[in-house]
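Chemist: If you scroll down you'll find the structure; I have some questions about it.
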Amino acid sequence: MRKIFIMAYLRNNLGDDMFVMELLNRYPNVEFYIEVVDLKYAKAFEKKHNVKVLINKNETFEKIDIYQYDGYVYIGGSIFMEGGKVYNLDEGCLEFMKKCKTLNKPFYYISSNYGPYQTRKYFDLSKETFKECTDLCFRDQYSYNLFKDIPTVRYAPDVLFSYDIGKYEKEKDTIGISMIDLEIRENLRHKEEEYIQFLCNNINLYLKEGKDIYLFSFCNDEGDEKAIEKILNKFKNSDYKKRITVVKYNENIEEFLNIYKKMEYMVCQRFHSLILSYIYHQKFYVISYSKKICNIIKELNLCDKYIKLEEITAQKIIKLEDFYNVEEEKLKEIKKHSLEQFKELDKFLK
């Protein structure tokens, strides 16, 4: 049985936990290892037989016993941000990659995007590092185009486009909102008060139109629940407050998705909220807080209108007719292409 070390952003973030779960489900006969800074960040996988959890407060390449494993998989989205903290791309990463190549231990990057970055030094280091890895499959064309001259660099849509959604039925007159916290985002912090008022104005309108509201937290560590509390405080004296439901991701992926999939409409702010709404055929509207969301919308032509968060005003209203309907044939093609994220890893593990 092959022993594979998984690197990921494990902070009880729904999208990243789903990434890791996809690996565990796809390769049941592989013995996986993950490191977390606290056991609470591995609760999503406690029932899986093919993963062993290690505690490591550092999450750096220097602390990994390279000889202990047969190969390495780093699965994650925004893992190439300059100044990142979890298994960051630095000189230590490059040396680890070179050593893997010398020892014939394959290293795979799956479903990532590149940046943001500020310096040429970081970009050049990235290029040198990517040349050493076995395979790197970006999830966006923008990132791929930056490094497409490297033979091992590929592109396929995000892994979760091919997620097995199972059976589901919509609940009529439900609108979900995936929340984000602007306080932790330096470039958007100045919009925080206006953003909360904008959401409250729209929620109030939907409630008056007879809709039930669900506020979704994908990651408490990134402030989603704090943002939800700000909304709830605005409605604490409202007659409508009983029709606002809070849904928190508490390390049970299926429990969370069983509620998410029932939404008729979805206001998508989280990156993976957009993908989940797409595969669940929900009517969706996107509020983009980052370039990575804008890129995926344009590259896959997911919808013809959305709004960037910095363009939000308190008076902006998202009407129900503004929500976008999924095109079935387009979804089928994206799902098929998404599976190519695993193409090279399949050759090694299947």
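For the structure tokens, the naming scheme is as follows: chains receive sequential letters (A, B, ...) according to their order of presentation, residues are indexed from 1 within each chain, and ligands are indexed from 1 in presentation order.
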Would you pick out the contacts of segment 198-215 of chain A at 7 Å or less, using only C-alpha atoms, so that residues sharing its chain but fewer than 2 positions from it are not included, and give the list as a PDB file with all heavy atoms, in the first residue's frame?

Modeler:
ATOM      1  N   ASP A 173     -38.831  28.968  -2.424  1.00  0.00           N
ATOM      2  CA  ASP A 173     -38.786  30.242  -1.703  1.00  0.00           C
ATOM      3  C   ASP A 173     -37.682  30.296  -0.646  1.00  0.00           C
ATOM      4  O   ASP A 173     -37.845  30.905   0.423  1.00  0.00           O
ATOM      5  CB  ASP A 173     -40.145  30.559  -1.060  1.00  0.00           C
ATOM      6  CG  ASP A 173     -41.237  30.796  -2.093  1.00  0.00           C
ATOM      7  OD1 ASP A 173     -40.915  31.358  -3.159  1.00  0.00           O
ATOM      8  OD2 ASP A 173     -42.400  30.424  -1.839  1.00  0.00           O
ATOM      9  N   THR A 174     -36.556  29.678  -0.936  1.00  0.00           N
ATOM     10  CA  THR A 174     -35.395  29.761  -0.049  1.00  0.00           C
ATOM     11  C   THR A 174     -34.260  30.485  -0.762  1.00  0.00           C
ATOM     12  O   THR A 174     -33.996  30.251  -1.940  1.00  0.00           O
ATOM     13  CB  THR A 174     -34.911  28.366   0.374  1.00  0.00           C
ATOM     14  OG1 THR A 174     -34.690  27.568  -0.800  1.00  0.00           O
ATOM     15  CG2 THR A 174     -35.921  27.684   1.280  1.00  0.00           C
ATOM     16  N   ILE A 175     -33.607  31.368  -0.033  1.00  0.00           N
ATOM     17  CA  ILE A 175     -32.441  32.083  -0.555  1.00  0.00           C
ATOM     18  C   ILE A 175     -31.290  31.927   0.439  1.00  0.00           C
ATOM     19  O   ILE A 175     -31.417  32.289   1.617  1.00  0.00           O
ATOM     20  CB  ILE A 175     -32.731  33.577  -0.774  1.00  0.00           C
ATOM     21  CG1 ILE A 175     -33.838  33.767  -1.817  1.00  0.00           C
ATOM     22  CG2 ILE A 175     -31.462  34.312  -1.226  1.00  0.00           C
ATOM     23  CD1 ILE A 175     -34.189  35.220  -2.090  1.00  0.00           C
ATOM     24  N   GLY A 176     -30.188  31.373  -0.033  1.00  0.00           N
ATOM     25  CA  GLY A 176     -29.001  31.232   0.802  1.00  0.00           C
ATOM     26  C   GLY A 176     -27.986  32.313   0.476  1.00  0.00           C
ATOM     27  O   GLY A 176     -27.932  32.817  -0.645  1.00  0.00           O
ATOM     28  N   ILE A 177     -27.180  32.673   1.455  1.00  0.00           N
ATOM     29  CA  ILE A 177     -26.085  33.631   1.260  1.00  0.00           C
ATOM     30  C   ILE A 177     -24.837  33.057   1.909  1.00  0.00           C
ATOM     31  O   ILE A 177     -24.835  32.783   3.116  1.00  0.00           O
ATOM     32  CB  ILE A 177     -26.411  35.006   1.885  1.00  0.00           C
ATOM     33  CG1 ILE A 177     -27.723  35.576   1.318  1.00  0.00           C
ATOM     34  CG2 ILE A 177     -25.258  35.990   1.649  1.00  0.00           C
ATOM     35  CD1 ILE A 177     -28.197  36.839   2.019  1.00  0.00           C
ATOM     36  N   SER A 178     -23.793  32.857   1.128  1.00  0.00           N
ATOM     37  CA  SER A 178     -22.519  32.430   1.723  1.00  0.00           C
ATOM     38  C   SER A 178     -21.780  33.677   2.172  1.00  0.00           C
ATOM     39  O   SER A 178     -21.512  34.576   1.391  1.00  0.00           O
ATOM     40  CB  SER A 178     -21.684  31.634   0.716  1.00  0.00           C
ATOM     41  OG  SER A 178     -21.328  32.421  -0.405  1.00  0.00           O
ATOM     42  N   MET A 179     -21.469  33.735   3.453  1.00  0.00           N
ATOM     43  CA  MET A 179     -20.965  34.962   4.063  1.00  0.00           C
ATOM     44  C   MET A 179     -19.437  35.024   4.058  1.00  0.00           C
ATOM     45  O   MET A 179     -18.760  34.006   4.085  1.00  0.00           O
ATOM     46  CB  MET A 179     -21.473  35.067   5.501  1.00  0.00           C
ATOM     47  CG  MET A 179     -22.993  35.202   5.600  1.00  0.00           C
ATOM     48  SD  MET A 179     -23.612  36.759   4.934  1.00  0.00           S
ATOM     49  CE  MET A 179     -22.845  37.926   6.055  1.00  0.00           C
ATOM     50  N   GLU A 194     -20.797  49.499   4.722  1.00  0.00           N
ATOM     51  CA  GLU A 194     -21.687  49.585   3.563  1.00  0.00           C
ATOM     52  C   GLU A 194     -22.108  48.194   3.095  1.00  0.00           C
ATOM     53  O   GLU A 194     -23.254  47.981   2.696  1.00  0.00           O
ATOM     54  CB  GLU A 194     -20.975  50.335   2.430  1.00  0.00           C
ATOM     55  CG  GLU A 194     -21.898  50.731   1.287  1.00  0.00           C
ATOM     56  CD  GLU A 194     -21.243  51.721   0.351  1.00  0.00           C
ATOM     57  OE1 GLU A 194     -20.000  51.757   0.289  1.00  0.00           O
ATOM     58  OE2 GLU A 194     -21.973  52.461  -0.329  1.00  0.00           O
ATOM     59  N   TYR A 195     -21.174  47.254   3.170  1.00  0.00           N
ATOM     60  CA  TYR A 195     -21.436  45.863   2.778  1.00  0.00           C
ATOM     61  C   TYR A 195     -22.521  45.229   3.651  1.00  0.00           C
ATOM     62  O   TYR A 195     -23.464  44.603   3.145  1.00  0.00           O
ATOM     63  CB  TYR A 195     -20.121  45.091   2.886  1.00  0.00           C
ATOM     64  CG  TYR A 195     -20.224  43.582   2.908  1.00  0.00           C
ATOM     65  CD1 TYR A 195     -20.545  42.861   1.767  1.00  0.00           C
ATOM     66  CD2 TYR A 195     -19.953  42.877   4.086  1.00  0.00           C
ATOM     67  CE1 TYR A 195     -20.606  41.462   1.796  1.00  0.00           C
ATOM     68  CE2 TYR A 195     -20.004  41.496   4.113  1.00  0.00           C
ATOM     69  CZ  TYR A 195     -20.337  40.790   2.975  1.00  0.00           C
ATOM     70  OH  TYR A 195     -20.399  39.419   3.003  1.00  0.00           O
ATOM     71  N   ILE A 196     -22.417  45.412   4.958  1.00  0.00           N
ATOM     72  CA  ILE A 196     -23.416  44.852   5.879  1.00  0.00           C
ATOM     73  C   ILE A 196     -24.782  45.470   5.620  1.00  0.00           C
ATOM     74  O   ILE A 196     -25.814  44.776   5.582  1.00  0.00           O
ATOM     75  CB  ILE A 196     -22.990  45.063   7.351  1.00  0.00           C
ATOM     76  CG1 ILE A 196     -21.733  44.238   7.674  1.00  0.00           C
ATOM     77  CG2 ILE A 196     -24.134  44.681   8.298  1.00  0.00           C
ATOM     78  CD1 ILE A 196     -21.903  42.737   7.575  1.00  0.00           C
ATOM     79  N   SER A 217     -22.010  29.775   6.835  1.00  0.00           N
ATOM     80  CA  SER A 217     -20.617  29.985   7.223  1.00  0.00           C
ATOM     81  C   SER A 217     -19.793  28.809   6.714  1.00  0.00           C
ATOM     82  O   SER A 217     -19.981  27.673   7.144  1.00  0.00           O
ATOM     83  CB  SER A 217     -20.486  30.078   8.748  1.00  0.00           C
ATOM     84  OG  SER A 217     -19.132  29.920   9.148  1.00  0.00           O
ATOM     85  N   ILE A 228     -21.927  36.876  10.073  1.00  0.00           N
ATOM     86  CA  ILE A 228     -23.326  36.488  10.270  1.00  0.00           C
ATOM     87  C   ILE A 228     -23.911  37.178  11.500  1.00  0.00           C
ATOM     88  O   ILE A 228     -25.053  37.666  11.468  1.00  0.00           O
ATOM     89  CB  ILE A 228     -23.439  34.951  10.399  1.00  0.00           C
ATOM     90  CG1 ILE A 228     -23.208  34.301   9.030  1.00  0.00           C
ATOM     91  CG2 ILE A 228     -24.804  34.542  10.958  1.00  0.00           C
ATOM     92  CD1 ILE A 228     -23.142  32.781   9.065  1.00  0.00           C
ATOM     93  N   ILE A 231     -25.124  40.612  10.829  1.00  0.00           N
ATOM     94  CA  ILE A 231     -26.420  40.625  10.141  1.00  0.00           C
ATOM     95  C   ILE A 231     -27.545  40.360  11.136  1.00  0.00           C
ATOM     96  O   ILE A 231     -28.562  41.079  11.165  1.00  0.00           O
ATOM     97  CB  ILE A 231     -26.458  39.564   9.020  1.00  0.00           C
ATOM     98  CG1 ILE A 231     -25.412  39.858   7.940  1.00  0.00           C
ATOM     99  CG2 ILE A 231     -27.865  39.475   8.413  1.00  0.00           C
ATOM    100  CD1 ILE A 231     -25.643  41.115   7.154  1.00  0.00           C
ATOM    101  N   TYR A 240     -39.205  39.481  11.351  1.00  0.00           N
ATOM    102  CA  TYR A 240     -38.753  38.507  10.363  1.00  0.00           C
ATOM    103  C   TYR A 240     -37.629  37.590  10.874  1.00  0.00           C
ATOM    104  O   TYR A 240     -37.230  36.650  10.189  1.00  0.00           O
ATOM    105  CB  TYR A 240     -38.224  39.220   9.113  1.00  0.00           C
ATOM    106  CG  TYR A 240     -39.266  39.931   8.299  1.00  0.00           C
ATOM    107  CD1 TYR A 240     -39.089  41.266   7.945  1.00  0.00           C
ATOM    108  CD2 TYR A 240     -40.415  39.273   7.853  1.00  0.00           C
ATOM    109  CE1 TYR A 240     -40.032  41.933   7.168  1.00  0.00           C
ATOM    110  CE2 TYR A 240     -41.357  39.940   7.085  1.00  0.00           C
ATOM    111  CZ  TYR A 240     -41.168  41.266   6.746  1.00  0.00           C
ATOM    112  OH  TYR A 240     -42.101  41.911   5.972  1.00  0.00           O
ATOM    113  N   ARG A 243     -37.314  33.860  10.433  1.00  0.00           N
ATOM    114  CA  ARG A 243     -37.200  33.294   9.088  1.00  0.00           C
ATOM    115  C   ARG A 243     -35.782  33.425   8.531  1.00  0.00           C
ATOM    116  O   ARG A 243     -35.556  33.276   7.347  1.00  0.00           O
ATOM    117  CB  ARG A 243     -38.217  33.952   8.149  1.00  0.00           C
ATOM    118  CG  ARG A 243     -39.636  33.444   8.463  1.00  0.00           C
ATOM    119  CD  ARG A 243     -40.715  34.143   7.689  1.00  0.00           C
ATOM    120  NE  ARG A 243     -40.339  34.431   6.326  1.00  0.00           N
ATOM    121  CZ  ARG A 243     -40.741  35.527   5.678  1.00  0.00           C
ATOM    122  NH1 ARG A 243     -41.472  36.436   6.300  1.00  0.00           N
ATOM    123  NH2 ARG A 243     -40.394  35.720   4.423  1.00  0.00           N
ATOM    124  N   ILE A 244     -34.851  33.725   9.435  1.00  0.00           N
ATOM    125  CA  ILE A 244     -33.430  33.738   9.078  1.00  0.00           C
ATOM    126  C   ILE A 244     -32.750  32.577   9.799  1.00  0.00           C
ATOM    127  O   ILE A 244     -32.747  32.514  11.030  1.00  0.00           O
ATOM    128  CB  ILE A 244     -32.745  35.067   9.466  1.00  0.00           C
ATOM    129  CG1 ILE A 244     -33.428  36.246   8.764  1.00  0.00           C
ATOM    130  CG2 ILE A 244     -31.256  35.021   9.116  1.00  0.00           C
ATOM    131  CD1 ILE A 244     -32.882  37.604   9.180  1.00  0.00           C
ATOM    132  N   THR A 245     -32.196  31.657   9.040  1.00  0.00           N
ATOM    133  CA  THR A 245     -31.550  30.468   9.600  1.00  0.00           C
ATOM    134  C   THR A 245     -30.046  30.534   9.373  1.00  0.00           C
ATOM    135  O   THR A 245     -29.588  30.884   8.286  1.00  0.00           O
ATOM    136  CB  THR A 245     -32.101  29.185   8.925  1.00  0.00           C
ATOM    137  OG1 THR A 245     -33.519  29.122   9.129  1.00  0.00           O
ATOM    138  CG2 THR A 245     -31.452  27.938   9.502  1.00  0.00           C
ATOM    139  N   VAL A 246     -29.287  30.204  10.410  1.00  0.00           N
ATOM    140  CA  VAL A 246     -27.823  30.177  10.309  1.00  0.00           C
ATOM    141  C   VAL A 246     -27.362  28.732  10.123  1.00  0.00           C
ATOM    142  O   VAL A 246     -27.779  27.833  10.853  1.00  0.00           O
ATOM    143  CB  VAL A 246     -27.173  30.778  11.570  1.00  0.00           C
ATOM    144  CG1 VAL A 246     -25.647  30.643  11.511  1.00  0.00           C
ATOM    145  CG2 VAL A 246     -27.578  32.245  11.729  1.00  0.00           C
ATOM    146  N   VAL A 247     -26.506  28.518   9.129  1.00  0.00           N
ATOM    147  CA  VAL A 247     -25.964  27.186   8.855  1.00  0.00           C
ATOM    148  C   VAL A 247     -24.440  27.279   8.939  1.00  0.00           C
ATOM    149  O   VAL A 247     -23.806  27.924   8.120  1.00  0.00           O
ATOM    150  CB  VAL A 247     -26.382  26.663   7.462  1.00  0.00           C
ATOM    151  CG1 VAL A 247     -25.886  25.232   7.257  1.00  0.00           C
ATOM    152  CG2 VAL A 247     -27.893  26.736   7.299  1.00  0.00           C
ATOM    153  N   THR A 313     -22.835  49.133  -3.230  1.00  0.00           N
ATOM    154  CA  THR A 313     -23.355  50.276  -2.479  1.00  0.00           C
ATOM    155  C   THR A 313     -24.490  49.770  -1.605  1.00  0.00           C
ATOM    156  O   THR A 313     -25.105  48.727  -1.900  1.00  0.00           O
ATOM    157  CB  THR A 313     -23.893  51.382  -3.403  1.00  0.00           C
ATOM    158  OG1 THR A 313     -25.016  50.858  -4.156  1.00  0.00           O
ATOM    159  CG2 THR A 313     -22.818  51.870  -4.359  1.00  0.00           C
ATOM    160  N   ALA A 314     -24.787  50.474  -0.544  1.00  0.00           N
ATOM    161  CA  ALA A 314     -25.851  50.055   0.372  1.00  0.00           C
ATOM    162  C   ALA A 314     -27.193  49.976  -0.341  1.00  0.00           C
ATOM    163  O   ALA A 314     -28.062  49.171   0.014  1.00  0.00           O
ATOM    164  CB  ALA A 314     -25.931  51.016   1.557  1.00  0.00           C
ATOM    165  N   GLN A 315     -27.356  50.783  -1.399  1.00  0.00           N
ATOM    166  CA  GLN A 315     -28.637  50.843  -2.110  1.00  0.00           C
ATOM    167  C   GLN A 315     -28.779  49.773  -3.200  1.00  0.00           C
ATOM    168  O   GLN A 315     -29.866  49.580  -3.743  1.00  0.00           O
ATOM    169  CB  GLN A 315     -28.806  52.226  -2.745  1.00  0.00           C
ATOM    170  CG  GLN A 315     -28.931  53.382  -1.756  1.00  0.00           C
ATOM    171  CD  GLN A 315     -27.613  53.739  -1.101  1.00  0.00           C
ATOM    172  OE1 GLN A 315     -26.560  53.662  -1.742  1.00  0.00           O
ATOM    173  NE2 GLN A 315     -27.653  54.106   0.162  1.00  0.00           N
ATOM    174  N   LYS A 316     -27.711  49.070  -3.517  1.00  0.00           N
ATOM    175  CA  LYS A 316     -27.742  48.076  -4.583  1.00  0.00           C
ATOM    176  C   LYS A 316     -28.694  46.928  -4.230  1.00  0.00           C
ATOM    177  O   LYS A 316     -28.580  46.306  -3.180  1.00  0.00           O
ATOM    178  CB  LYS A 316     -26.328  47.529  -4.828  1.00  0.00           C
ATOM    179  CG  LYS A 316     -26.253  46.298  -5.714  1.00  0.00           C
ATOM    180  CD  LYS A 316     -26.586  46.605  -7.163  1.00  0.00           C
ATOM    181  CE  LYS A 316     -26.436  45.356  -8.028  1.00  0.00           C
ATOM    182  NZ  LYS A 316     -26.837  45.583  -9.434  1.00  0.00           N
ATOM    183  N   ILE A 317     -29.616  46.631  -5.127  1.00  0.00           N
ATOM    184  CA  ILE A 317     -30.576  45.542  -4.923  1.00  0.00           C
ATOM    185  C   ILE A 317     -30.352  44.457  -5.977  1.00  0.00           C
ATOM    186  O   ILE A 317     -30.271  44.743  -7.179  1.00  0.00           O
ATOM    187  CB  ILE A 317     -32.037  46.049  -5.003  1.00  0.00           C
ATOM    188  CG1 ILE A 317     -32.322  47.038  -3.854  1.00  0.00           C
ATOM    189  CG2 ILE A 317     -33.012  44.875  -4.963  1.00  0.00           C
ATOM    190  CD1 ILE A 317     -32.220  46.454  -2.458  1.00  0.00           C
ATOM    191  N   ILE A 318     -30.246  43.232  -5.512  1.00  0.00           N
ATOM    192  CA  ILE A 318     -30.139  42.090  -6.422  1.00  0.00           C
ATOM    193  C   ILE A 318     -31.544  41.505  -6.583  1.00  0.00           C
ATOM    194  O   ILE A 318     -32.072  40.859  -5.668  1.00  0.00           O
ATOM    195  CB  ILE A 318     -29.177  41.014  -5.870  1.00  0.00           C
ATOM    196  CG1 ILE A 318     -27.810  41.622  -5.585  1.00  0.00           C
ATOM    197  CG2 ILE A 318     -29.046  39.869  -6.862  1.00  0.00           C
ATOM    198  CD1 ILE A 318     -26.878  40.692  -4.827  1.00  0.00           C
TER     199      ILE A 318
END

Chemist: Using only C-alpha atoms, which protein or nucleic acid residues come within 10 Å of Lys167 of chain A? Drop anything in the same chain fewer than 5 positions from it, and give the result as a list of chain:residue names.

Modeler: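 So the residues in contact are A:Asn258, A:Lys261, A:Tyr280.
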
Chemist: Please write the residues from the selection above to a file, keeping C-alpha atoms, as a PDB file, in the first residue's frame.

Modeler:
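Full text of selection38.pdb as output:
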ATOM      1  CA  ASN A 258     -27.698  18.519   2.783  1.00  0.00           C
ATOM      2  CA  LYS A 261     -28.317  21.780  -1.790  1.00  0.00           C
ATOM      3  CA  TYR A 280     -26.568  21.830  -7.606  1.00  0.00           C
TER       4      TYR A 280
END

Chemist: Which segment 124-152 of chain A residues have any atom within 12 Å of an atom of segment 55-77 of chain A, and for each, what is the nearest pair of atoms with distance in Å to one decimal, counting only C-alpha atoms, rows sorted by chain and number, as a Markdown table?

Modeler:
| residue | atom | partner | partner_atom | distance |
| --- | --- | --- | --- | --- |
| A:Cys133 | CA | A:Tyr72 | CA | 9.9 |
| A:Thr134 | CA | A:Tyr72 | CA | 9.7 |
| A:Asp135 | CA | A:Val73 | CA | 9.7 |
| A:Leu136 | CA | A:Tyr74 | CA | 9.4 |
| A:Cys137 | CA | A:Ile75 | CA | 9.8 |
| A:Phe138 | CA | A:Gly77 | CA | 8.7 |
| A:Arg139 | CA | A:Gly77 | CA | 7.9 |
| A:Asp140 | CA | A:Gly77 | CA | 10.0 |
| A:Ser143 | CA | A:Gly77 | CA | 11.3 |

Chemist: Under the rule that only C-alpha atoms are counted, which of A:Tyr168, A:Phe32, A:Tyr9, A:Tyr122 is the nearest residue to Leu257 of chain A?

Modeler: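 Closest to Leu257 of chain A of all the choices is A:Tyr168.
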
Chemist: For each of A:Met21, A:Met97, A:Ile184, A:Ile297, take the minimum atom-to-atom distance to Lys47 of chain A, counting only C-alpha atoms, then give the residue where this is smallest.

Modeler: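 Once distances to Lys47 of chain A are computed over only C-alpha atoms, the minimum belongs to A:Met21.
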
Chemist: A:Asp158, A:Glu340, A:Asp322, A:Glu132: which is nearest Asp16 of chain A, counting only C-alpha atoms?

Modeler: A:Asp158
